[in-house]
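Asks: This is the structure I have questions about; it appears just below.
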Amino acid sequence: MSSSPDAATEIFVEHRNLLFTVAYELLGSAADAEDVLQEAWLRWARVDLDEVRDPRAYLVRIVTRQGLDRLRLLGRRRESYVGPWLPEPLLTSPDVADDVELAESVSLAMLLVLETLSPTERAVFVLREVFALGYDELAAAVDKTPAAVRQIAHRAREHVAARRPRGEVSREEAGVALQAFQRAVETGDLQGLVDRLAPDVVLLGDGGGVVPATLEPLVGADRILQQLSLRMPIPGLESIEQVMINGWPALVLRGDGKINTVLTLRLDGALVTGIYLVRNPAKLSRLAQPTMITRSPAGR
């Protein structure tokens with residue numbers, strides 16, 4: 001017996017935002033996450049609902065497996081990416097920031113840390129630490145034994161802990177740091193940045209080979225300030241505003257009537273340790289309205 005189209009659609013729609021969040025955290029790309037959801041829907045539509053005891057777990061398993069397949073494919077593509085690769089930024093609503101754990105997990109800084117994990121490690125970490133799946137559910141999702149999943153989860157936690165910021169970071173501190181960057185961009189005066197940059201701060205620019213951006217990471221406060229001074233004031237800048245990107249304050253720069261740059265920061269305590277400039281036009285298409293990011297099905 002096949003599932004009722006109306007019932008299957010209702011269940012999928014109820015869980016869609018959750019499933020998108022899972023796929024996005026696995027892939028760091030909204031476009032790829034949407035493709036995974038489309039593939040998941042095609043599989044879900046053929047399922048006999050009478051045999052599904054837990055629709056959420058079943059759907060997460062489908063999305064995880066599709067996401068892992070795509071993640072392995074993307075890993076090969078990113079090897080030939082022009083310049084540094086950065087995750088696709090998403091405009092988010094205030095309720096994402098209210099969920100502290102979720103906001104941290106989808107921050108661009110954390111998504112970059114997750115890029116250093118293997119595909120299976122990333123899936124296990126996201127599903128365990130962010131979505132609190134049990135080891136049996138995890139084992140089914142990644143096609144491993146529960147014992148193996150426990151080892152993978154432990155290894156992934158240690159890996160992430162060694163690379164995440166050690167100092168506490170508040171949104172207020174992030175906002176203040178961004179204000180210093182905004183003043184620098186608007187006035188060309190970089191003095192306000194001098195004391196905010198960690199000595200070993202790293203700047204990554206993602207133009208995707210389509211628009212100008214740094215092709216190699218810039219490392220060191222002095223070097224970054226020198227390069228920024230050569231680019232101020234920014235030609236054609238029309239406006240700059242602070243918005244919420246991936247649950248954290250960020251700057252959106254506009255020129256020629258459109259968004260051309262999203263600037264986000266990684267902070268360790270009060271110091272900026274990472275500056276991320278997303279300029280690839282293909283990654284700036286989801287900033288007109290907030291994207292729904294959630295750890296729960298709709299209405300729960």
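Residues are named by chain letter and number: chains run A, B, ... in the order of the structure tokens, numbers start at 1 in each chain, and ligands are numbered from 1 in the order shown.
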I'd like the neighbourhood of region 143-158 of chain A as a PDB file with all heavy atoms, in the first residue's frame, where a residue qualifies if any of its atoms comes within 12 Å (using only C-alpha atoms), though same-chain residues fewer than 4 positions away should be ignored.

Replies:
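As written to disk, result_4.pdb reads:
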```
ATOM      1  N   ARG A  61      16.752  10.647   8.549  1.00  0.00           N
ATOM      2  CA  ARG A  61      17.636   9.612   7.993  1.00  0.00           C
ATOM      3  C   ARG A  61      17.766   9.766   6.476  1.00  0.00           C
ATOM      4  O   ARG A  61      18.875   9.677   5.932  1.00  0.00           O
ATOM      5  CB  ARG A  61      17.100   8.229   8.348  1.00  0.00           C
ATOM      6  CG  ARG A  61      18.017   7.110   7.888  1.00  0.00           C
ATOM      7  CD  ARG A  61      17.679   5.792   8.572  1.00  0.00           C
ATOM      8  NE  ARG A  61      16.405   5.242   8.142  1.00  0.00           N
ATOM      9  CZ  ARG A  61      15.347   5.099   8.942  1.00  0.00           C
ATOM     10  NH1 ARG A  61      15.389   5.499  10.206  1.00  0.00           N
ATOM     11  NH2 ARG A  61      14.237   4.568   8.488  1.00  0.00           N
ATOM     12  N   ILE A  62      16.643  10.021   5.801  1.00  0.00           N
ATOM     13  CA  ILE A  62      16.694  10.217   4.346  1.00  0.00           C
ATOM     14  C   ILE A  62      17.573  11.414   4.004  1.00  0.00           C
ATOM     15  O   ILE A  62      18.449  11.345   3.134  1.00  0.00           O
ATOM     16  CB  ILE A  62      15.281  10.420   3.766  1.00  0.00           C
ATOM     17  CG1 ILE A  62      14.441   9.157   3.905  1.00  0.00           C
ATOM     18  CG2 ILE A  62      15.370  10.812   2.289  1.00  0.00           C
ATOM     19  CD1 ILE A  62      12.995   9.337   3.457  1.00  0.00           C
ATOM     20  N   THR A  64      19.867  12.885   5.792  1.00  0.00           N
ATOM     21  CA  THR A  64      21.276  12.675   6.150  1.00  0.00           C
ATOM     22  C   THR A  64      21.992  11.846   5.092  1.00  0.00           C
ATOM     23  O   THR A  64      23.113  12.184   4.678  1.00  0.00           O
ATOM     24  CB  THR A  64      21.381  11.976   7.515  1.00  0.00           C
ATOM     25  OG1 THR A  64      20.770  12.793   8.515  1.00  0.00           O
ATOM     26  CG2 THR A  64      22.833  11.733   7.889  1.00  0.00           C
ATOM     27  N   ARG A  65      21.365  10.801   4.639  1.00  0.00           N
ATOM     28  CA  ARG A  65      22.010   9.960   3.630  1.00  0.00           C
ATOM     29  C   ARG A  65      22.189  10.705   2.318  1.00  0.00           C
ATOM     30  O   ARG A  65      23.244  10.611   1.674  1.00  0.00           O
ATOM     31  CB  ARG A  65      21.199   8.682   3.424  1.00  0.00           C
ATOM     32  CG  ARG A  65      21.290   7.728   4.625  1.00  0.00           C
ATOM     33  CD  ARG A  65      20.474   6.471   4.437  1.00  0.00           C
ATOM     34  NE  ARG A  65      20.710   5.523   5.534  1.00  0.00           N
ATOM     35  CZ  ARG A  65      20.068   4.384   5.673  1.00  0.00           C
ATOM     36  NH1 ARG A  65      19.146   4.028   4.792  1.00  0.00           N
ATOM     37  NH2 ARG A  65      20.345   3.576   6.683  1.00  0.00           N
ATOM     38  N   LEU A  68      24.985  13.245   2.894  1.00  0.00           N
ATOM     39  CA  LEU A  68      26.319  12.650   2.886  1.00  0.00           C
ATOM     40  C   LEU A  68      26.793  12.380   1.461  1.00  0.00           C
ATOM     41  O   LEU A  68      27.962  12.630   1.129  1.00  0.00           O
ATOM     42  CB  LEU A  68      26.313  11.349   3.697  1.00  0.00           C
ATOM     43  CG  LEU A  68      26.412  11.507   5.212  1.00  0.00           C
ATOM     44  CD1 LEU A  68      26.165  10.172   5.907  1.00  0.00           C
ATOM     45  CD2 LEU A  68      27.769  12.053   5.608  1.00  0.00           C
ATOM     46  N   VAL A 113      34.534  25.361  10.808  1.00  0.00           N
ATOM     47  CA  VAL A 113      35.136  24.303  11.620  1.00  0.00           C
ATOM     48  C   VAL A 113      34.614  22.937  11.153  1.00  0.00           C
ATOM     49  O   VAL A 113      35.377  21.968  11.025  1.00  0.00           O
ATOM     50  CB  VAL A 113      34.841  24.513  13.116  1.00  0.00           C
ATOM     51  CG1 VAL A 113      35.280  23.296  13.930  1.00  0.00           C
ATOM     52  CG2 VAL A 113      35.539  25.757  13.630  1.00  0.00           C
ATOM     53  N   LEU A 114      33.316  22.852  10.889  1.00  0.00           N
ATOM     54  CA  LEU A 114      32.734  21.585  10.453  1.00  0.00           C
ATOM     55  C   LEU A 114      33.305  21.133   9.109  1.00  0.00           C
ATOM     56  O   LEU A 114      33.330  19.929   8.819  1.00  0.00           O
ATOM     57  CB  LEU A 114      31.212  21.707  10.355  1.00  0.00           C
ATOM     58  CG  LEU A 114      30.466  21.970  11.671  1.00  0.00           C
ATOM     59  CD1 LEU A 114      28.964  22.017  11.429  1.00  0.00           C
ATOM     60  CD2 LEU A 114      30.803  20.925  12.721  1.00  0.00           C
ATOM     61  N   GLU A 115      33.777  22.084   8.299  1.00  0.00           N
ATOM     62  CA  GLU A 115      34.395  21.725   7.021  1.00  0.00           C
ATOM     63  C   GLU A 115      35.648  20.884   7.208  1.00  0.00           C
ATOM     64  O   GLU A 115      36.083  20.191   6.289  1.00  0.00           O
ATOM     65  CB  GLU A 115      34.742  22.998   6.229  1.00  0.00           C
ATOM     66  CG  GLU A 115      33.566  23.677   5.574  1.00  0.00           C
ATOM     67  CD  GLU A 115      33.010  22.873   4.414  1.00  0.00           C
ATOM     68  OE1 GLU A 115      33.806  22.425   3.565  1.00  0.00           O
ATOM     69  OE2 GLU A 115      31.786  22.690   4.361  1.00  0.00           O
ATOM     70  N   THR A 116      36.260  20.948   8.388  1.00  0.00           N
ATOM     71  CA  THR A 116      37.497  20.198   8.631  1.00  0.00           C
ATOM     72  C   THR A 116      37.229  18.761   9.080  1.00  0.00           C
ATOM     73  O   THR A 116      38.174  17.990   9.264  1.00  0.00           O
ATOM     74  CB  THR A 116      38.363  20.908   9.688  1.00  0.00           C
ATOM     75  OG1 THR A 116      37.678  20.929  10.948  1.00  0.00           O
ATOM     76  CG2 THR A 116      38.663  22.348   9.273  1.00  0.00           C
ATOM     77  N   LEU A 117      35.968  18.403   9.267  1.00  0.00           N
ATOM     78  CA  LEU A 117      35.595  17.036   9.623  1.00  0.00           C
ATOM     79  C   LEU A 117      35.383  16.191   8.368  1.00  0.00           C
ATOM     80  O   LEU A 117      35.105  16.729   7.284  1.00  0.00           O
ATOM     81  CB  LEU A 117      34.308  17.025  10.443  1.00  0.00           C
ATOM     82  CG  LEU A 117      34.322  17.715  11.808  1.00  0.00           C
ATOM     83  CD1 LEU A 117      32.908  17.787  12.372  1.00  0.00           C
ATOM     84  CD2 LEU A 117      35.247  16.994  12.776  1.00  0.00           C
ATOM     85  N   SER A 118      35.486  14.891   8.514  1.00  0.00           N
ATOM     86  CA  SER A 118      35.092  14.018   7.411  1.00  0.00           C
ATOM     87  C   SER A 118      33.568  14.077   7.278  1.00  0.00           C
ATOM     88  O   SER A 118      32.866  14.483   8.218  1.00  0.00           O
ATOM     89  CB  SER A 118      35.526  12.573   7.696  1.00  0.00           C
ATOM     90  OG  SER A 118      34.709  12.002   8.710  1.00  0.00           O
ATOM     91  N   PRO A 119      33.014  13.692   6.111  1.00  0.00           N
ATOM     92  CA  PRO A 119      31.561  13.733   5.959  1.00  0.00           C
ATOM     93  C   PRO A 119      30.803  12.989   7.062  1.00  0.00           C
ATOM     94  O   PRO A 119      29.827  13.505   7.614  1.00  0.00           O
ATOM     95  CB  PRO A 119      31.337  13.093   4.586  1.00  0.00           C
ATOM     96  CG  PRO A 119      32.572  13.447   3.819  1.00  0.00           C
ATOM     97  CD  PRO A 119      33.678  13.351   4.833  1.00  0.00           C
ATOM     98  N   THR A 120      31.242  11.782   7.400  1.00  0.00           N
ATOM     99  CA  THR A 120      30.540  11.013   8.434  1.00  0.00           C
ATOM    100  C   THR A 120      30.691  11.676   9.793  1.00  0.00           C
ATOM    101  O   THR A 120      29.722  11.745  10.573  1.00  0.00           O
ATOM    102  CB  THR A 120      31.062   9.572   8.489  1.00  0.00           C
ATOM    103  OG1 THR A 120      30.868   8.957   7.211  1.00  0.00           O
ATOM    104  CG2 THR A 120      30.312   8.764   9.537  1.00  0.00           C
ATOM    105  N   GLU A 121      31.884  12.164  10.124  1.00  0.00           N
ATOM    106  CA  GLU A 121      32.080  12.869  11.388  1.00  0.00           C
ATOM    107  C   GLU A 121      31.175  14.084  11.477  1.00  0.00           C
ATOM    108  O   GLU A 121      30.588  14.362  12.526  1.00  0.00           O
ATOM    109  CB  GLU A 121      33.541  13.295  11.527  1.00  0.00           C
ATOM    110  CG  GLU A 121      34.505  12.169  11.828  1.00  0.00           C
ATOM    111  CD  GLU A 121      35.949  12.624  11.814  1.00  0.00           C
ATOM    112  OE1 GLU A 121      36.238  13.675  11.194  1.00  0.00           O
ATOM    113  OE2 GLU A 121      36.795  11.943  12.402  1.00  0.00           O
ATOM    114  N   ARG A 122      31.064  14.801  10.381  1.00  0.00           N
ATOM    115  CA  ARG A 122      30.220  16.001  10.375  1.00  0.00           C
ATOM    116  C   ARG A 122      28.759  15.647  10.614  1.00  0.00           C
ATOM    117  O   ARG A 122      28.082  16.288  11.424  1.00  0.00           O
ATOM    118  CB  ARG A 122      30.371  16.743   9.041  1.00  0.00           C
ATOM    119  CG  ARG A 122      29.577  18.039   8.971  1.00  0.00           C
ATOM    120  CD  ARG A 122      29.978  18.852   7.765  1.00  0.00           C
ATOM    121  NE  ARG A 122      29.287  20.144   7.728  1.00  0.00           N
ATOM    122  CZ  ARG A 122      29.646  21.165   6.955  1.00  0.00           C
ATOM    123  NH1 ARG A 122      30.699  21.037   6.161  1.00  0.00           N
ATOM    124  NH2 ARG A 122      28.970  22.300   6.974  1.00  0.00           N
ATOM    125  N   ALA A 123      28.288  14.610   9.933  1.00  0.00           N
ATOM    126  CA  ALA A 123      26.892  14.201  10.110  1.00  0.00           C
ATOM    127  C   ALA A 123      26.633  13.767  11.543  1.00  0.00           C
ATOM    128  O   ALA A 123      25.628  14.161  12.160  1.00  0.00           O
ATOM    129  CB  ALA A 123      26.551  13.078   9.138  1.00  0.00           C
ATOM    130  N   VAL A 124      27.518  12.973  12.098  1.00  0.00           N
ATOM    131  CA  VAL A 124      27.341  12.488  13.467  1.00  0.00           C
ATOM    132  C   VAL A 124      27.383  13.647  14.452  1.00  0.00           C
ATOM    133  O   VAL A 124      26.553  13.721  15.378  1.00  0.00           O
ATOM    134  CB  VAL A 124      28.423  11.437  13.812  1.00  0.00           C
ATOM    135  CG1 VAL A 124      28.434  11.151  15.315  1.00  0.00           C
ATOM    136  CG2 VAL A 124      28.172  10.151  13.033  1.00  0.00           C
ATOM    137  N   PHE A 125      28.321  14.561  14.274  1.00  0.00           N
ATOM    138  CA  PHE A 125      28.420  15.699  15.191  1.00  0.00           C
ATOM    139  C   PHE A 125      27.156  16.550  15.143  1.00  0.00           C
ATOM    140  O   PHE A 125      26.585  16.896  16.192  1.00  0.00           O
ATOM    141  CB  PHE A 125      29.633  16.560  14.842  1.00  0.00           C
ATOM    142  CG  PHE A 125      29.804  17.749  15.751  1.00  0.00           C
ATOM    143  CD1 PHE A 125      30.491  17.630  16.951  1.00  0.00           C
ATOM    144  CD2 PHE A 125      29.257  18.987  15.422  1.00  0.00           C
ATOM    145  CE1 PHE A 125      30.639  18.724  17.798  1.00  0.00           C
ATOM    146  CE2 PHE A 125      29.395  20.082  16.264  1.00  0.00           C
ATOM    147  CZ  PHE A 125      30.086  19.947  17.453  1.00  0.00           C
ATOM    148  N   VAL A 126      26.710  16.893  13.951  1.00  0.00           N
ATOM    149  CA  VAL A 126      25.527  17.749  13.803  1.00  0.00           C
ATOM    150  C   VAL A 126      24.295  17.076  14.391  1.00  0.00           C
ATOM    151  O   VAL A 126      23.541  17.685  15.172  1.00  0.00           O
ATOM    152  CB  VAL A 126      25.304  18.090  12.314  1.00  0.00           C
ATOM    153  CG1 VAL A 126      23.913  18.695  12.101  1.00  0.00           C
ATOM    154  CG2 VAL A 126      26.371  19.067  11.821  1.00  0.00           C
ATOM    155  N   LEU A 127      24.073  15.818  14.051  1.00  0.00           N
ATOM    156  CA  LEU A 127      22.858  15.140  14.504  1.00  0.00           C
ATOM    157  C   LEU A 127      22.875  14.873  16.007  1.00  0.00           C
ATOM    158  O   LEU A 127      21.828  14.899  16.655  1.00  0.00           O
ATOM    159  CB  LEU A 127      22.672  13.830  13.743  1.00  0.00           C
ATOM    160  CG  LEU A 127      22.413  13.973  12.242  1.00  0.00           C
ATOM    161  CD1 LEU A 127      22.308  12.608  11.587  1.00  0.00           C
ATOM    162  CD2 LEU A 127      21.146  14.781  11.975  1.00  0.00           C
ATOM    163  N   ARG A 128      24.064  14.649  16.561  1.00  0.00           N
ATOM    164  CA  ARG A 128      24.161  14.370  17.994  1.00  0.00           C
ATOM    165  C   ARG A 128      24.178  15.654  18.818  1.00  0.00           C
ATOM    166  O   ARG A 128      23.406  15.813  19.765  1.00  0.00           O
ATOM    167  CB  ARG A 128      25.433  13.553  18.270  1.00  0.00           C
ATOM    168  CG  ARG A 128      25.668  13.239  19.740  1.00  0.00           C
ATOM    169  CD  ARG A 128      24.590  12.335  20.298  1.00  0.00           C
ATOM    170  NE  ARG A 128      24.794  12.051  21.711  1.00  0.00           N
ATOM    171  CZ  ARG A 128      23.927  11.427  22.480  1.00  0.00           C
ATOM    172  NH1 ARG A 128      22.777  11.002  21.967  1.00  0.00           N
ATOM    173  NH2 ARG A 128      24.173  11.210  23.752  1.00  0.00           N
ATOM    174  N   GLU A 129      25.076  16.578  18.475  1.00  0.00           N
ATOM    175  CA  GLU A 129      25.276  17.768  19.305  1.00  0.00           C
ATOM    176  C   GLU A 129      24.208  18.835  19.091  1.00  0.00           C
ATOM    177  O   GLU A 129      23.865  19.565  20.017  1.00  0.00           O
ATOM    178  CB  GLU A 129      26.668  18.357  19.028  1.00  0.00           C
ATOM    179  CG  GLU A 129      27.817  17.403  19.301  1.00  0.00           C
ATOM    180  CD  GLU A 129      27.857  16.953  20.745  1.00  0.00           C
ATOM    181  OE1 GLU A 129      27.668  17.803  21.635  1.00  0.00           O
ATOM    182  OE2 GLU A 129      28.069  15.750  20.984  1.00  0.00           O
ATOM    183  N   VAL A 130      23.707  18.949  17.882  1.00  0.00           N
ATOM    184  CA  VAL A 130      22.739  20.014  17.574  1.00  0.00           C
ATOM    185  C   VAL A 130      21.302  19.507  17.693  1.00  0.00           C
ATOM    186  O   VAL A 130      20.444  20.174  18.269  1.00  0.00           O
ATOM    187  CB  VAL A 130      22.991  20.592  16.165  1.00  0.00           C
ATOM    188  CG1 VAL A 130      22.011  21.729  15.870  1.00  0.00           C
ATOM    189  CG2 VAL A 130      24.437  21.070  16.021  1.00  0.00           C
ATOM    190  N   ALA A 132      20.418  16.360  18.931  1.00  0.00           N
ATOM    191  CA  ALA A 132      20.261  15.440  20.066  1.00  0.00           C
ATOM    192  C   ALA A 132      19.680  14.082  19.673  1.00  0.00           C
ATOM    193  O   ALA A 132      18.888  13.495  20.418  1.00  0.00           O
ATOM    194  CB  ALA A 132      19.395  16.088  21.147  1.00  0.00           C
ATOM    195  N   LEU A 133      20.071  13.564  18.524  1.00  0.00           N
ATOM    196  CA  LEU A 133      19.623  12.229  18.135  1.00  0.00           C
ATOM    197  C   LEU A 133      20.328  11.187  18.994  1.00  0.00           C
ATOM    198  O   LEU A 133      21.498  11.332  19.352  1.00  0.00           O
ATOM    199  CB  LEU A 133      19.935  11.971  16.662  1.00  0.00           C
ATOM    200  CG  LEU A 133      18.751  12.145  15.689  1.00  0.00           C
ATOM    201  CD1 LEU A 133      18.329  13.595  15.639  1.00  0.00           C
ATOM    202  CD2 LEU A 133      19.126  11.639  14.299  1.00  0.00           C
ATOM    203  N   GLY A 134      19.606  10.106  19.318  1.00  0.00           N
ATOM    204  CA  GLY A 134      20.194   9.000  20.052  1.00  0.00           C
ATOM    205  C   GLY A 134      21.149   8.206  19.172  1.00  0.00           C
ATOM    206  O   GLY A 134      21.107   8.302  17.941  1.00  0.00           O
ATOM    207  N   TYR A 135      21.993   7.399  19.802  1.00  0.00           N
ATOM    208  CA  TYR A 135      23.006   6.672  19.040  1.00  0.00           C
ATOM    209  C   TYR A 135      22.384   5.635  18.100  1.00  0.00           C
ATOM    210  O   TYR A 135      22.934   5.369  17.022  1.00  0.00           O
ATOM    211  CB  TYR A 135      24.005   6.021  19.991  1.00  0.00           C
ATOM    212  CG  TYR A 135      24.929   7.027  20.640  1.00  0.00           C
ATOM    213  CD1 TYR A 135      24.830   7.322  21.998  1.00  0.00           C
ATOM    214  CD2 TYR A 135      25.884   7.692  19.883  1.00  0.00           C
ATOM    215  CE1 TYR A 135      25.668   8.259  22.585  1.00  0.00           C
ATOM    216  CE2 TYR A 135      26.738   8.624  20.462  1.00  0.00           C
ATOM    217  CZ  TYR A 135      26.622   8.903  21.810  1.00  0.00           C
ATOM    218  OH  TYR A 135      27.450   9.834  22.387  1.00  0.00           O
ATOM    219  N   ASP A 136      21.262   5.062  18.469  1.00  0.00           N
ATOM    220  CA  ASP A 136      20.609   4.109  17.576  1.00  0.00           C
ATOM    221  C   ASP A 136      20.095   4.811  16.317  1.00  0.00           C
ATOM    222  O   ASP A 136      20.240   4.300  15.202  1.00  0.00           O
ATOM    223  CB  ASP A 136      19.459   3.408  18.298  1.00  0.00           C
ATOM    224  CG  ASP A 136      19.947   2.418  19.353  1.00  0.00           C
ATOM    225  OD1 ASP A 136      21.126   2.009  19.273  1.00  0.00           O
ATOM    226  OD2 ASP A 136      19.162   2.073  20.254  1.00  0.00           O
ATOM    227  N   GLU A 137      19.470   5.992  16.510  1.00  0.00           N
ATOM    228  CA  GLU A 137      19.016   6.780  15.362  1.00  0.00           C
ATOM    229  C   GLU A 137      20.188   7.200  14.490  1.00  0.00           C
ATOM    230  O   GLU A 137      20.125   7.159  13.254  1.00  0.00           O
ATOM    231  CB  GLU A 137      18.269   8.032  15.835  1.00  0.00           C
ATOM    232  CG  GLU A 137      16.886   7.802  16.391  1.00  0.00           C
ATOM    233  CD  GLU A 137      16.230   9.110  16.791  1.00  0.00           C
ATOM    234  OE1 GLU A 137      16.603   9.673  17.838  1.00  0.00           O
ATOM    235  OE2 GLU A 137      15.355   9.579  16.041  1.00  0.00           O
ATOM    236  N   LEU A 138      21.269   7.633  15.137  1.00  0.00           N
ATOM    237  CA  LEU A 138      22.460   8.045  14.401  1.00  0.00           C
ATOM    238  C   LEU A 138      23.017   6.890  13.578  1.00  0.00           C
ATOM    239  O   LEU A 138      23.404   7.066  12.411  1.00  0.00           O
ATOM    240  CB  LEU A 138      23.539   8.523  15.378  1.00  0.00           C
ATOM    241  CG  LEU A 138      23.509   9.999  15.775  1.00  0.00           C
ATOM    242  CD1 LEU A 138      24.523  10.257  16.880  1.00  0.00           C
ATOM    243  CD2 LEU A 138      23.822  10.854  14.574  1.00  0.00           C
ATOM    244  N   ALA A 139      23.073   5.719  14.193  1.00  0.00           N
ATOM    245  CA  ALA A 139      23.616   4.551  13.506  1.00  0.00           C
ATOM    246  C   ALA A 139      22.822   4.248  12.234  1.00  0.00           C
ATOM    247  O   ALA A 139      23.398   3.942  11.182  1.00  0.00           O
ATOM    248  CB  ALA A 139      23.601   3.356  14.455  1.00  0.00           C
ATOM    249  N   ALA A 162      38.812  21.603  19.787  1.00  0.00           N
ATOM    250  CA  ALA A 162      40.163  22.131  19.607  1.00  0.00           C
ATOM    251  C   ALA A 162      40.202  23.312  18.652  1.00  0.00           C
ATOM    252  O   ALA A 162      41.178  24.073  18.640  1.00  0.00           O
ATOM    253  CB  ALA A 162      41.087  21.027  19.091  1.00  0.00           C
ATOM    254  N   ARG A 163      39.131  23.507  17.881  1.00  0.00           N
ATOM    255  CA  ARG A 163      39.133  24.546  16.856  1.00  0.00           C
ATOM    256  C   ARG A 163      38.110  25.646  17.066  1.00  0.00           C
ATOM    257  O   ARG A 163      38.147  26.645  16.356  1.00  0.00           O
ATOM    258  CB  ARG A 163      38.900  23.895  15.471  1.00  0.00           C
ATOM    259  CG  ARG A 163      40.090  23.095  15.003  1.00  0.00           C
ATOM    260  CD  ARG A 163      39.733  22.096  13.922  1.00  0.00           C
ATOM    261  NE  ARG A 163      40.929  21.395  13.434  1.00  0.00           N
ATOM    262  CZ  ARG A 163      41.510  20.398  14.075  1.00  0.00           C
ATOM    263  NH1 ARG A 163      40.992  19.960  15.222  1.00  0.00           N
ATOM    264  NH2 ARG A 163      42.588  19.828  13.585  1.00  0.00           N
ATOM    265  N   ARG A 164      37.217  25.478  18.023  1.00  0.00           N
ATOM    266  CA  ARG A 164      36.214  26.519  18.256  1.00  0.00           C
ATOM    267  C   ARG A 164      36.805  27.594  19.162  1.00  0.00           C
ATOM    268  O   ARG A 164      37.770  27.352  19.878  1.00  0.00           O
ATOM    269  CB  ARG A 164      34.945  25.926  18.855  1.00  0.00           C
ATOM    270  CG  ARG A 164      35.065  25.550  20.310  1.00  0.00           C
ATOM    271  CD  ARG A 164      33.961  24.653  20.814  1.00  0.00           C
ATOM    272  NE  ARG A 164      32.655  24.896  20.255  1.00  0.00           N
ATOM    273  CZ  ARG A 164      31.630  24.050  20.342  1.00  0.00           C
ATOM    274  NH1 ARG A 164      31.784  22.894  20.982  1.00  0.00           N
ATOM    275  NH2 ARG A 164      30.470  24.335  19.821  1.00  0.00           N
TER     276      ARG A 164
END
```

Asks: As a VMD selection string, please: every residue in region 58-295 of chain A that a backbone DSSP assignment puts in strand (DSSP E or B).

Replies: chain A and resid 91 197 to 206 218 to 219 237 to 245 248 to 255 258 to 268 271 to 278

Asks: Hey, can you check how far CA of Leu203 (chain A) sits from CA of Ser229 (chain A)?

Replies: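 A separation of 14.1 Å between them.
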
Asks: Quick one: pull the distance between CA of Ala174 (chain A) and CA of Leu251 (chain A), Å, one decimal.

Replies: 10.9 Å

Asks: Looking at only C-alpha atoms, which of A:Ile245, A:Ala177, A:Ile240, A:Ala109 is the one that sits closest to Pro290 (chain A)?

Replies: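 For Pro290 (chain A), the nearest of the given residues is A:Ile245.
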
Asks: Between A:Val13, A:Ala23, A:Ala31, A:Val278, which has the minimum distance to Val211 (chain A) (counting only C-alpha atoms)?

Replies: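 The answer is A:Val278, which sits nearest to Val211 (chain A).
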
Asks: Which residue is closest to Leu42 (chain A)? Choose from A:Val272, A:Val63, A:Val82, A:Leu218 and count only C-alpha atoms.

Replies: A:Val63

Asks: Quick one: residues within 9 Å of Arg70 (chain A), only C-alpha atoms counted, chain neighbours fewer than 3 positions away excluded, as a list in words?

Replies: Leu27, Asp32, Val36, Arg65, Gln66, Gly67, Leu73, Leu74 and Gly75 of chain A

Asks: Could you pull the residues within 6 Å of Arg254 (chain A), counting only C-alpha atoms, minus those fewer than 6 positions along the same chain, as number ranges by chain?

Replies: A: 238-239, 260
